[in-house]
$ cat coords06.cif   # mmCIF, C-alpha atoms
data_work
#
loop_
_atom_site.label_atom_id
_atom_site.label_comp_id
_atom_site.auth_asym_id
_atom_site.auth_seq_id
_atom_site.Cartn_x
_atom_site.Cartn_y
_atom_site.Cartn_z
CA MET B 1 118.69 157.35 152.10
CA LEU B 2 120.90 157.90 149.05
CA LYS B 3 123.94 157.62 151.31
CA GLY B 4 122.66 154.28 152.63
CA ILE B 5 122.14 152.92 149.10
CA ARG B 6 125.65 153.97 148.11
CA GLY B 7 127.04 152.31 151.20
CA THR B 8 125.21 149.08 150.44
CA LEU B 9 126.42 149.08 146.80
CA ALA B 10 129.98 149.74 147.97
CA MET B 11 129.73 146.88 150.42
CA ILE B 12 128.41 144.54 147.71
CA GLY B 13 131.25 145.62 145.42
CA GLU B 14 133.74 144.89 148.18
CA CYS B 15 132.16 141.44 148.63
CA PHE B 16 132.65 140.74 144.94
CA ARG B 17 136.31 141.80 145.10
CA MET B 18 136.96 139.69 148.17
CA SER B 19 135.19 136.69 146.61
CA LEU B 20 137.30 136.93 143.47
CA SER B 21 140.42 137.24 145.59
CA ASN B 22 139.48 134.13 147.61
CA ILE B 23 138.75 132.18 144.39
CA ARG B 24 142.15 133.16 142.94
CA GLY B 25 143.82 132.27 146.22
CA ALA B 26 142.67 128.65 145.98
CA LYS B 27 143.12 128.10 142.25
CA VAL B 28 143.25 124.30 142.20
CA ARG B 29 140.30 123.84 144.52
CA SER B 30 138.28 126.50 142.69
CA PHE B 31 139.05 124.90 139.32
CA LEU B 32 137.94 121.46 140.47
CA THR B 33 134.74 122.96 141.88
CA VAL B 34 134.04 124.90 138.70
CA LEU B 35 134.77 121.78 136.62
CA GLY B 36 131.68 119.98 137.92
CA ILE B 37 129.39 122.85 136.87
CA LEU B 38 131.26 123.25 133.58
CA ILE B 39 130.81 119.59 132.60
CA GLY B 40 127.14 119.62 133.56
CA VAL B 41 126.29 122.78 131.62
CA MET B 42 128.39 121.65 128.64
CA ALA B 43 126.51 118.33 128.57
CA VAL B 44 123.11 120.06 128.71
CA ILE B 45 123.98 122.55 125.96
CA ALA B 46 125.65 120.00 123.68
CA LEU B 47 122.92 117.36 124.01
CA ILE B 48 119.95 119.70 123.58
CA THR B 49 121.56 121.67 120.72
CA THR B 50 122.60 118.50 118.90
CA VAL B 51 119.16 116.92 119.30
CA ASN B 52 117.52 120.10 118.03
CA GLY B 53 119.83 120.10 115.02
CA VAL B 54 119.12 116.44 114.26
CA SER B 55 115.37 116.89 114.65
CA GLY B 56 115.51 120.01 112.46
CA SER B 57 117.35 118.12 109.73
CA ILE B 58 114.86 115.27 109.92
CA SER B 59 111.93 117.69 109.76
CA ASP B 60 113.47 119.46 106.75
CA SER B 61 113.91 116.09 105.02
CA PHE B 62 110.29 115.18 105.69
CA LEU B 63 109.10 118.53 104.41
CA SER B 64 111.17 118.27 101.23
CA MET B 65 109.89 114.75 100.59
CA GLY B 66 106.26 115.42 101.31
CA ALA B 67 105.60 119.10 100.73
CA GLY B 68 102.15 119.60 99.21
CA THR B 69 101.26 115.92 99.29
CA LEU B 70 99.19 113.38 101.17
CA THR B 71 100.17 109.72 101.46
CA VAL B 72 97.30 107.22 101.37
CA SER B 73 97.58 103.57 102.37
CA VAL B 74 94.61 101.30 101.56
CA ALA B 75 93.82 98.30 103.76
CA GLY B 76 90.61 97.54 101.84
CA SER B 77 87.56 95.57 102.86
CA ASP B 78 85.96 92.23 102.03
CA LEU B 79 84.13 93.76 99.08
CA LYS B 80 86.84 96.14 97.84
CA THR B 81 90.52 95.39 98.30
CA GLY B 82 91.99 98.51 96.76
CA MET B 83 91.67 101.45 94.38
CA SER B 84 91.00 100.92 90.69
CA ALA B 85 92.17 103.23 87.90
CA ASP B 86 88.67 104.71 87.77
CA ASP B 87 88.75 105.40 91.50
CA LEU B 88 92.04 107.24 91.15
CA GLU B 89 90.60 109.22 88.26
CA GLU B 90 87.66 110.25 90.47
CA LEU B 91 90.06 111.61 93.07
CA THR B 92 91.86 113.74 90.48
CA LYS B 93 88.54 115.45 89.71
CA LEU B 94 88.33 116.88 93.23
CA ASP B 95 88.93 120.62 93.42
CA GLU B 96 91.43 120.11 96.24
CA VAL B 97 93.51 117.59 94.27
CA GLU B 98 95.98 118.40 91.52
CA GLY B 99 96.92 114.83 90.70
CA VAL B 100 97.44 111.31 92.02
CA THR B 101 100.49 109.07 91.78
CA PRO B 102 100.01 105.36 92.56
CA THR B 103 102.90 103.28 93.86
CA VAL B 104 102.88 99.57 93.05
CA ASN B 105 105.91 97.76 94.44
CA ILE B 106 107.38 94.48 93.22
CA ASN B 107 109.45 93.47 96.21
CA ASN B 108 112.41 91.10 95.98
CA ALA B 109 112.41 91.08 92.19
CA ARG B 110 115.02 89.01 90.34
CA ILE B 111 116.95 91.10 87.79
CA SER B 112 119.13 89.49 85.15
CA ARG B 113 121.09 90.28 82.00
CA GLY B 114 123.64 88.24 80.07
CA GLY B 115 124.02 85.48 82.62
CA HIS B 116 124.39 87.87 85.55
CA TYR B 117 121.54 88.26 88.02
CA GLU B 118 120.68 89.95 91.29
CA SER B 119 117.89 89.03 93.70
CA LYS B 120 115.74 91.05 96.08
CA ILE B 121 115.86 94.22 93.98
CA PRO B 122 113.05 96.74 94.73
CA VAL B 123 111.02 97.64 91.64
CA SER B 124 108.35 100.34 91.77
CA GLY B 125 105.50 101.12 89.39
CA LYS B 126 104.71 104.80 88.74
CA ASN B 127 102.36 106.68 86.44
CA ALA B 128 103.06 109.43 83.92
CA TYR B 129 101.91 112.19 86.30
CA TYR B 130 104.68 111.26 88.72
CA PHE B 131 107.34 112.11 86.15
CA LEU B 132 105.56 115.31 85.08
CA THR B 133 105.58 116.44 88.71
CA ASN B 134 109.14 115.28 89.39
CA PRO B 135 111.04 115.89 86.11
CA GLU B 136 114.36 116.14 87.97
CA VAL B 137 114.20 112.41 88.71
CA VAL B 138 115.18 111.49 85.14
CA LEU B 139 118.91 111.85 84.45
CA ARG B 140 119.09 110.49 80.89
CA GLY B 141 116.60 109.19 78.36
CA ARG B 142 112.88 109.77 78.60
CA MET B 143 110.13 109.64 81.18
CA LEU B 144 107.44 107.01 81.39
CA ASN B 145 104.39 108.41 79.60
CA ILE B 146 100.64 107.84 79.32
CA VAL B 147 101.12 105.51 76.34
CA ASP B 148 103.39 103.22 78.40
CA GLU B 149 100.77 103.31 81.14
CA ARG B 150 97.81 102.44 78.92
CA ASN B 151 99.64 99.71 76.97
CA MET B 152 101.23 98.17 80.07
CA SER B 153 104.53 98.52 78.25
CA ALA B 154 107.61 96.58 79.33
CA VAL B 155 109.83 99.64 79.60
CA CYS B 156 111.84 100.84 82.58
CA LEU B 157 114.23 103.36 84.05
CA ILE B 158 117.17 102.16 86.14
CA ASP B 159 119.28 103.91 88.77
CA ASP B 160 123.08 104.25 88.98
CA GLU B 161 123.46 101.04 90.98
CA MET B 162 121.71 98.95 88.33
CA THR B 163 123.64 100.74 85.59
CA GLU B 164 126.95 99.89 87.21
CA THR B 165 125.88 96.31 87.99
CA PHE B 166 124.47 95.31 84.61
CA PHE B 167 125.80 97.90 82.13
CA TYR B 168 129.31 98.68 83.30
CA GLY B 169 131.06 100.49 80.47
CA VAL B 170 127.96 100.20 78.25
CA ASP B 171 125.25 102.76 77.51
CA PRO B 172 122.10 101.20 79.05
CA LEU B 173 119.64 103.17 76.88
CA GLY B 174 118.00 100.90 74.35
CA GLN B 175 119.32 97.76 76.07
CA GLN B 176 117.21 94.96 77.57
CA ILE B 177 117.09 93.84 81.18
CA TYR B 178 114.96 91.04 82.64
CA VAL B 179 112.65 91.61 85.61
CA ASN B 180 111.35 88.31 86.98
CA GLY B 181 112.08 86.74 83.59
CA ILE B 182 110.24 89.42 81.57
CA PRO B 183 112.37 91.47 79.13
CA PHE B 184 112.19 95.24 79.72
CA LEU B 185 113.57 97.93 77.46
CA VAL B 186 115.67 100.50 79.30
CA VAL B 187 114.43 103.92 78.19
CA GLY B 188 116.16 106.06 80.80
CA THR B 189 118.16 106.39 83.99
CA PHE B 190 117.04 108.15 87.17
CA SER B 191 118.38 109.49 90.44
CA ALA B 192 117.57 107.35 93.45
CA GLU B 193 117.64 110.45 95.66
CA GLY B 194 114.88 112.03 93.61
CA THR B 195 112.50 109.15 94.37
CA GLU B 196 112.66 109.63 98.14
CA SER B 197 109.26 110.25 99.68
CA ILE B 198 107.36 109.64 102.88
CA ALA B 199 106.24 106.26 101.55
CA SER B 200 109.82 105.26 100.62
CA ILE B 201 110.80 105.48 104.29
CA PHE B 202 108.72 102.37 104.89
CA THR B 203 108.99 100.62 101.50
CA GLY B 204 112.57 101.52 100.57
CA THR B 205 113.94 103.40 97.58
CA PRO B 206 113.44 101.53 94.25
CA ASN B 207 116.28 100.64 91.88
CA ILE B 208 113.99 100.25 88.86
CA LEU B 209 110.90 102.22 87.79
CA ILE B 210 108.25 100.74 85.47
CA PRO B 211 104.67 101.76 84.50
CA TYR B 212 102.35 101.09 87.41
CA THR B 213 99.90 99.22 85.18
CA THR B 214 102.70 96.86 84.20
CA ALA B 215 103.54 96.33 87.87
CA LEU B 216 99.87 95.56 88.62
CA LYS B 217 99.85 92.98 85.84
CA MET B 218 103.04 91.36 87.17
CA ASN B 219 101.47 91.24 90.65
CA SER B 220 98.32 89.66 89.14
CA THR B 221 96.09 92.37 90.56
CA SER B 222 94.20 95.45 89.40
CA ASP B 223 94.03 97.23 92.75
CA VAL B 224 96.31 100.01 93.99
CA THR B 225 96.90 99.96 97.75
CA ALA B 226 99.24 102.95 98.08
CA PHE B 227 99.30 106.31 96.35
CA THR B 228 100.31 109.92 96.79
CA VAL B 229 97.88 112.81 96.40
CA TYR B 230 99.27 116.13 95.15
CA MET B 231 97.29 119.02 96.58
CA ALA B 232 96.03 121.91 94.45
CA ASP B 233 97.61 125.34 94.91
CA GLY B 234 96.34 127.24 97.93
CA VAL B 235 94.76 124.16 99.53
CA THR B 236 95.78 123.15 103.04
CA SER B 237 96.57 119.57 103.95
CA GLU B 238 93.52 119.52 106.22
CA GLU B 239 91.19 120.58 103.40
CA ALA B 240 92.68 118.09 100.94
CA SER B 241 92.61 115.30 103.52
CA GLU B 242 88.94 115.90 104.28
CA ALA B 243 88.01 115.94 100.58
CA VAL B 244 89.91 112.72 99.84
CA GLU B 245 88.52 111.04 102.95
CA THR B 246 84.94 111.94 101.99
CA ALA B 247 85.38 110.60 98.46
CA MET B 248 87.08 107.38 99.59
CA ASP B 249 84.49 106.75 102.31
CA ALA B 250 81.86 106.61 99.59
CA MET B 251 84.03 104.29 97.47
CA PHE B 252 84.43 101.85 100.37
CA SER B 253 80.74 102.02 101.39
CA TYR B 254 81.62 103.91 104.57
CA GLU B 255 83.29 100.90 106.17
CA GLU B 256 85.76 101.76 108.92
CA ASP B 257 89.54 101.23 108.86
CA THR B 258 89.69 100.70 105.10
CA PHE B 259 92.36 103.34 104.46
CA THR B 260 94.76 105.69 106.21
CA ILE B 261 95.65 109.23 105.13
CA THR B 262 98.97 110.56 106.37
CA THR B 263 99.61 114.29 106.25
CA MET B 264 102.79 116.22 106.84
CA ASP B 265 101.14 117.97 109.79
CA ALA B 266 100.58 114.64 111.53
CA ILE B 267 104.16 113.54 110.85
CA GLU B 268 105.54 116.85 112.09
CA ASP B 269 103.46 116.68 115.28
CA THR B 270 104.70 113.16 115.93
CA MET B 271 108.30 114.20 115.29
CA LYS B 272 108.00 117.19 117.63
CA THR B 273 106.53 115.02 120.37
CA MET B 274 109.27 112.43 120.02
CA THR B 275 112.12 114.95 119.88
CA GLY B 276 110.61 116.87 122.81
CA MET B 277 110.56 113.72 124.93
CA MET B 278 114.11 112.86 123.86
CA THR B 279 115.34 116.38 124.65
CA SER B 280 113.72 116.32 128.10
CA LEU B 281 115.20 112.90 128.85
CA LEU B 282 118.71 113.92 127.79
CA ALA B 283 118.47 117.22 129.64
CA GLY B 284 117.41 115.33 132.78
CA ILE B 285 120.36 112.97 132.50
CA ALA B 286 122.79 115.82 131.90
CA SER B 287 121.33 117.75 134.84
CA ILE B 288 122.60 115.04 137.17
CA ALA B 289 126.10 116.30 136.38
CA LEU B 290 124.97 119.78 137.42
CA LEU B 291 123.64 118.38 140.68
CA VAL B 292 126.99 116.73 141.36
CA GLY B 293 128.71 120.03 140.60
CA GLY B 294 126.41 121.79 143.06
CA ILE B 295 127.35 119.33 145.77
CA GLY B 296 131.00 120.09 144.98
CA ILE B 297 130.35 123.81 145.48
CA MET B 298 128.66 123.15 148.81
CA ASN B 299 131.58 121.00 149.93
CA MET B 300 134.13 123.66 148.99
CA MET B 301 132.19 126.45 150.66
CA LEU B 302 131.81 124.45 153.89
CA THR B 303 135.57 123.87 153.87
CA THR B 304 136.12 127.57 153.22
CA VAL B 305 133.93 128.53 156.19
CA THR B 306 136.01 126.30 158.44
CA GLU B 307 139.28 127.72 157.14
CA ARG B 308 138.12 131.33 157.47
CA THR B 309 136.64 131.13 160.97
CA MET B 310 139.10 133.69 162.29
CA GLU B 311 138.28 136.13 159.48
CA ILE B 312 134.56 135.78 160.16
CA GLY B 313 135.11 136.38 163.89
CA LEU B 314 137.08 139.55 163.24
CA LYS B 315 134.42 140.91 160.88
CA LYS B 316 131.68 140.23 163.41
CA ALA B 317 133.72 141.78 166.20
CA LEU B 318 134.10 144.88 164.04
CA GLY B 319 130.33 145.13 163.56
CA ALA B 320 129.57 143.08 160.45
CA ARG B 321 125.99 141.83 160.43
CA GLN B 322 124.83 138.28 159.74
CA TRP B 323 123.33 139.14 156.34
CA GLN B 324 126.57 140.80 155.27
CA ILE B 325 128.60 137.69 156.10
CA GLN B 326 126.02 135.48 154.42
CA LEU B 327 125.99 137.69 151.31
CA GLN B 328 129.76 137.45 150.92
CA PHE B 329 129.75 133.66 150.91
CA LEU B 330 126.70 133.53 148.65
CA ILE B 331 128.44 135.83 146.15
CA GLU B 332 131.52 133.61 146.20
CA SER B 333 129.41 130.51 145.57
CA PHE B 334 127.45 132.32 142.86
CA LEU B 335 130.62 133.45 141.09
CA LEU B 336 132.04 129.92 141.08
CA SER B 337 128.92 128.48 139.49
CA LEU B 338 128.61 131.42 137.09
CA ILE B 339 132.17 130.96 135.83
CA GLY B 340 131.50 127.26 135.32
CA GLY B 341 128.19 128.01 133.61
CA ILE B 342 129.62 130.51 131.11
CA ALA B 343 132.55 128.24 130.28
CA GLY B 344 130.19 125.27 129.95
CA ILE B 345 127.93 127.18 127.53
CA LEU B 346 130.86 128.12 125.28
CA LEU B 347 132.34 124.61 125.32
CA GLY B 348 128.88 123.06 124.86
CA LEU B 349 128.21 125.15 121.75
CA GLY B 350 131.64 124.25 120.39
CA LEU B 351 131.07 120.54 121.05
CA SER B 352 127.61 120.61 119.46
CA LEU B 353 129.07 122.33 116.37
CA ILE B 354 131.67 119.56 116.06
CA LEU B 355 129.01 116.86 116.51
CA SER B 356 126.70 118.51 113.97
CA ASN B 357 129.48 118.65 111.37
CA ALA B 358 130.44 115.05 112.08
CA MET B 359 126.85 113.82 111.68
CA GLY B 360 126.06 116.09 108.73
CA THR B 361 123.14 117.76 110.50
CA THR B 362 122.18 121.41 110.87
CA PHE B 363 123.80 123.36 113.71
CA ARG B 364 121.04 125.32 115.44
CA ILE B 365 121.75 127.35 118.55
CA SER B 366 119.07 126.69 121.14
CA THR B 367 118.39 129.81 123.20
CA GLY B 368 116.28 127.67 125.51
CA ALA B 369 119.22 125.37 126.21
CA ILE B 370 121.52 128.34 126.86
CA ALA B 371 118.97 129.90 129.22
CA LEU B 372 118.51 126.54 130.96
CA GLY B 373 122.25 126.04 131.41
CA PHE B 374 122.88 129.60 132.58
CA GLY B 375 119.86 129.69 134.90
CA PHE B 376 120.59 126.25 136.30
CA SER B 377 124.22 127.09 137.06
CA ALA B 378 123.26 130.40 138.73
CA ALA B 379 120.54 128.70 140.78
CA ILE B 380 122.94 125.95 141.89
CA GLY B 381 125.40 128.57 143.14
CA ILE B 382 122.72 130.17 145.28
CA VAL B 383 120.98 126.99 146.47
CA PHE B 384 124.10 125.02 147.34
CA GLY B 385 125.93 128.07 148.68
CA TRP B 386 123.12 129.05 151.02
CA ALA B 387 123.83 126.45 153.73
CA PRO B 388 127.56 127.25 154.04
CA ALA B 389 126.79 130.99 153.93
CA ARG B 390 124.17 130.57 156.65
CA LYS B 391 126.61 128.58 158.77
CA ALA B 392 129.24 131.31 158.39
CA SER B 393 126.80 134.08 159.31
CA ARG B 394 125.72 132.27 162.50
CA LEU B 395 129.20 131.76 163.91
CA ASN B 396 129.60 133.21 167.37
CA PRO B 397 132.29 135.92 167.15
CA ILE B 398 133.77 134.93 170.53
CA ASP B 399 134.09 131.27 169.47
CA ALA B 400 135.50 132.35 166.14
CA LEU B 401 138.14 134.58 167.78
CA ARG B 402 139.15 131.75 170.12
CA ALA B 403 140.17 129.79 167.03
CA MET B 404 143.05 132.29 166.67
#

$ encode --input "coords06.cif" --output "structure tokens"
Amino acid sequence: MLKGIRGTLAMIGECFRMSLSNIRGAKVRSFLTVLGILIGVMAVIALITTVNGVSGSISDSFLSMGAGTLTVSVAGSDLKTGMSADDLEELTKLDEVEGVTPTVNINNARISRGGHYESKIPVSGKNAYYFLTNPEVVLRGRMLNIVDERNMSAVCLIDDEMTETFFYGVDPLGQQIYVNGIPFLVVGTFSAEGTESIASIFTGTPNILIPYTTALKMNSTSDVTAFTVYMADGVTSEEASEAVETAMDAMFSYEEDTFTITTMDAIEDTMKTMTGMMTSLLAGIASIALLVGGIGIMNMMLTTVTERTMEIGLKKALGARQWQIQLQFLIESFLLSLIGGIAGILLGLGLSLILSNAMGTTFRISTGAIALGFGFSAAIGIVFGWAPARKASRLNPIDALRAM
């Protein structure tokens, strides 16, 4: 039995050597055949890896913008159109809540100074807690404080764009700027990047920050329709969301569809679903190239069978069995697809690295994509090589020898 196993292994080794010799003997044809598999695998690896890197970067951005927070949007009802200052204060008393930051936007504001003006400038109202929680936002000057909030003070912070537009070469601190005709004292400058949040994705990043009470007054309203809830330490988003929902249900007399609470978990689930669908779609499209490459392998192997009819006849006349002939051609087909698959994986990773650097996203190697490309290429070699191998194994040795 051991002798039989050794004989079989020796025969398989000989098949590998002969297959490699045949591949080297037809270099151009083998290269063109391998090229189809190579392009297909490279496309699969590059697309899936790049999409994973992009989705990872987007998820990281979402997490950095909304870690430990809930975003609440208020639609209101006929009896209650929004949240009052007292309502927000009630939410801060919840054990699951550390603090609340309202956002009151003045869209398309007209900003002017010294005869120069700009239209459609986004202005956002914030409270003192926002600056205490995000001290890195302020670059120079001071934060907006509780006194500004209570007195509805006409003070503001401006970003670099407004500084360059209205105070080029001049220190903006202590200067006046007009927002919709109202003079505001510039008390500080801030980083626009620091104000990015989940809500800013939909409302845009503001160029000017003012007390939220002042923004409410300018909008002729006393109701807040959007705010961010900062969760207490050790509290999950689900626990905080349930506590806020229970409290707000009571405030809105348990009417339905009066507010929406958005958690990071919900956003992450949506992102994963979307990127999963995109990855599957792109992988499906790229797999078409693999299918075309498989057809190329089948075409080459069928041609090879025709060219090597005499060789097959001699082997059969010398006692070679059908499965041995079939195995040799299957190994040759498998090696062709395997060479293309390995080269495609390496080139695909290199291409995805270049694309990631060009787009400024994270390069993340996808083991799933590599396994898919490798497995797909190996399977194609076997599936599309089976028919030519079967044809070769079924040749009649007498007919094959007549071809001499």

$ residues_around --input "coords06.cif" --residues "Arg142 (chain B)" --least-positions-apart "2" --cutoff "10 Å" --atoms "all atoms listed in the file" --output "list in words"
Phe131, Pro135, Val138, Leu139, Arg140, Leu144, Asn145, Cys156, Leu157, Leu173, Val186, Val187, Gly188, Thr189 and Phe190 of chain B

$ resolve_selection --input "coords06.cif" --expression "the PyMOL selection byres ((chain B and resi 108) around 9)" --output "compact mmCIF listing (two decimals) with C-alpha atoms, keeping the file's coordinate frame"
# COMPACT_ATOMS: atom_id res chain seq x y z
CA ILE B 106 107.38 94.48 93.22
CA ASN B 107 109.45 93.47 96.21
CA ALA B 109 112.41 91.08 92.19
CA ARG B 110 115.02 89.01 90.34
CA SER B 119 117.89 89.03 93.70
CA LYS B 120 115.74 91.05 96.08
CA ILE B 121 115.86 94.22 93.98
CA PRO B 122 113.05 96.74 94.73
CA VAL B 123 111.02 97.64 91.64

$ resolve_selection --input "coords06.cif" --expression "the PyMOL selection byres ((chain B and resi 282) around 12)" --output "mmCIF file with C-alpha atoms, keeping the file's coordinate frame"
data_model
loop_
_atom_site.group_PDB
_atom_site.id
_atom_site.type_symbol
_atom_site.label_atom_id
_atom_site.label_comp_id
_atom_site.auth_asym_id
_atom_site.auth_seq_id
_atom_site.Cartn_x
_atom_site.Cartn_y
_atom_site.Cartn_z
ATOM 1 C CA GLY B 40 127.140 119.620 133.560
ATOM 2 C CA ALA B 43 126.510 118.330 128.570
ATOM 3 C CA VAL B 44 123.110 120.060 128.710
ATOM 4 C CA ILE B 45 123.980 122.550 125.960
ATOM 5 C CA ALA B 46 125.650 120.000 123.680
ATOM 6 C CA LEU B 47 122.920 117.360 124.010
ATOM 7 C CA ILE B 48 119.950 119.700 123.580
ATOM 8 C CA THR B 49 121.560 121.670 120.720
ATOM 9 C CA THR B 50 122.600 118.500 118.900
ATOM 10 C CA VAL B 51 119.160 116.920 119.300
ATOM 11 C CA ASN B 52 117.520 120.100 118.030
ATOM 12 C CA THR B 275 112.120 114.950 119.880
ATOM 13 C CA GLY B 276 110.610 116.870 122.810
ATOM 14 C CA MET B 277 110.560 113.720 124.930
ATOM 15 C CA MET B 278 114.110 112.860 123.860
ATOM 16 C CA THR B 279 115.340 116.380 124.650
ATOM 17 C CA SER B 280 113.720 116.320 128.100
ATOM 18 C CA LEU B 281 115.200 112.900 128.850
ATOM 19 C CA ALA B 283 118.470 117.220 129.640
ATOM 20 C CA GLY B 284 117.410 115.330 132.780
ATOM 21 C CA ILE B 285 120.360 112.970 132.500
ATOM 22 C CA ALA B 286 122.790 115.820 131.900
ATOM 23 C CA SER B 287 121.330 117.750 134.840
ATOM 24 C CA ILE B 288 122.600 115.040 137.170
ATOM 25 C CA ALA B 289 126.100 116.300 136.380
ATOM 26 C CA ALA B 369 119.220 125.370 126.210
#

$ atom_distance --input "coords06.cif" --atom1 "CA of Gly294 (chain B)" --atom2 "CA of Leu35 (chain B)"
10.6 Å

$ resolve_selection --input "coords06.cif" --expression "the PyMOL selection byres ((chain B and resi 36) around 8)" --output "list in words"
Leu32, Thr33, Val34, Leu35, Ile37, Leu38, Ile39, Gly40, Ala289, Leu290, Val292, Gly293, Gly294, Gly296 and Gly340 of chain B

$ residues_near_point --input "coords06.cif" --point "(99.5, 92.6, 92.9)" --cutoff "12 Å" --atoms "all atoms listed in the file" --output "MDAnalysis selection string"
chainID B and resid 81:83 103:107 124:125 212:226

$ atom_distance --input "coords06.cif" --atom1 "CA of Asn151 (chain B)" --atom2 "CA of Pro102 (chain B)"
16.6 Å

$ residues_around --input "coords06.cif" --residues "region 228-241 of chain B" --least-positions-apart "5" --cutoff "7 Å" --atoms "only C-alpha atoms" --output "list in words"
Gly68, Thr69, Leu70, Thr71, Val72, Glu96, Val97, Glu98, Gly99, Val100, Thr101, Pro102, Ile261 and Thr263 of chain B

$ atom_distance --input "coords06.cif" --atom1 "CA of Ser253 (chain B)" --atom2 "CA of Ser84 (chain B)"
14.9 Å

$ closest_residue --input "coords06.cif" --among "B:Ala247, B:Ile146, B:Ile331, B:Leu185" --to "Pro211 (chain B)" --atoms "only C-alpha atoms"
B:Ile146

$ closest_residue --input "coords06.cif" --among "B:Leu327, B:Met248, B:Ile345, B:Val147" --to "Ala371 (chain B)" --atoms "all atoms listed in the file"
B:Ile345

$ closest_residue --input "coords06.cif" --among "B:Ile111, B:Val137, B:Leu132, B:Leu372" --to "Asn180 (chain B)" --atoms "all atoms listed in the file"
B:Ile111

$ closest_residue --input "coords06.cif" --among "B:Leu79, B:Gly368, B:Met359, B:Leu330" --to "Gly381 (chain B)" --atoms "only C-alpha atoms"
B:Leu330

$ closest_residue --input "coords06.cif" --among "B:Val54, B:Met251, B:Val170, B:Val244" --to "Lys93 (chain B)" --atoms "only C-alpha atoms"
B:Val244

$ closest_residue --input "coords06.cif" --among "B:Ile177, B:Ala154, B:Ala250, B:Ala243" --to "Asp87 (chain B)" --atoms "all atoms listed in the file"
B:Ala250
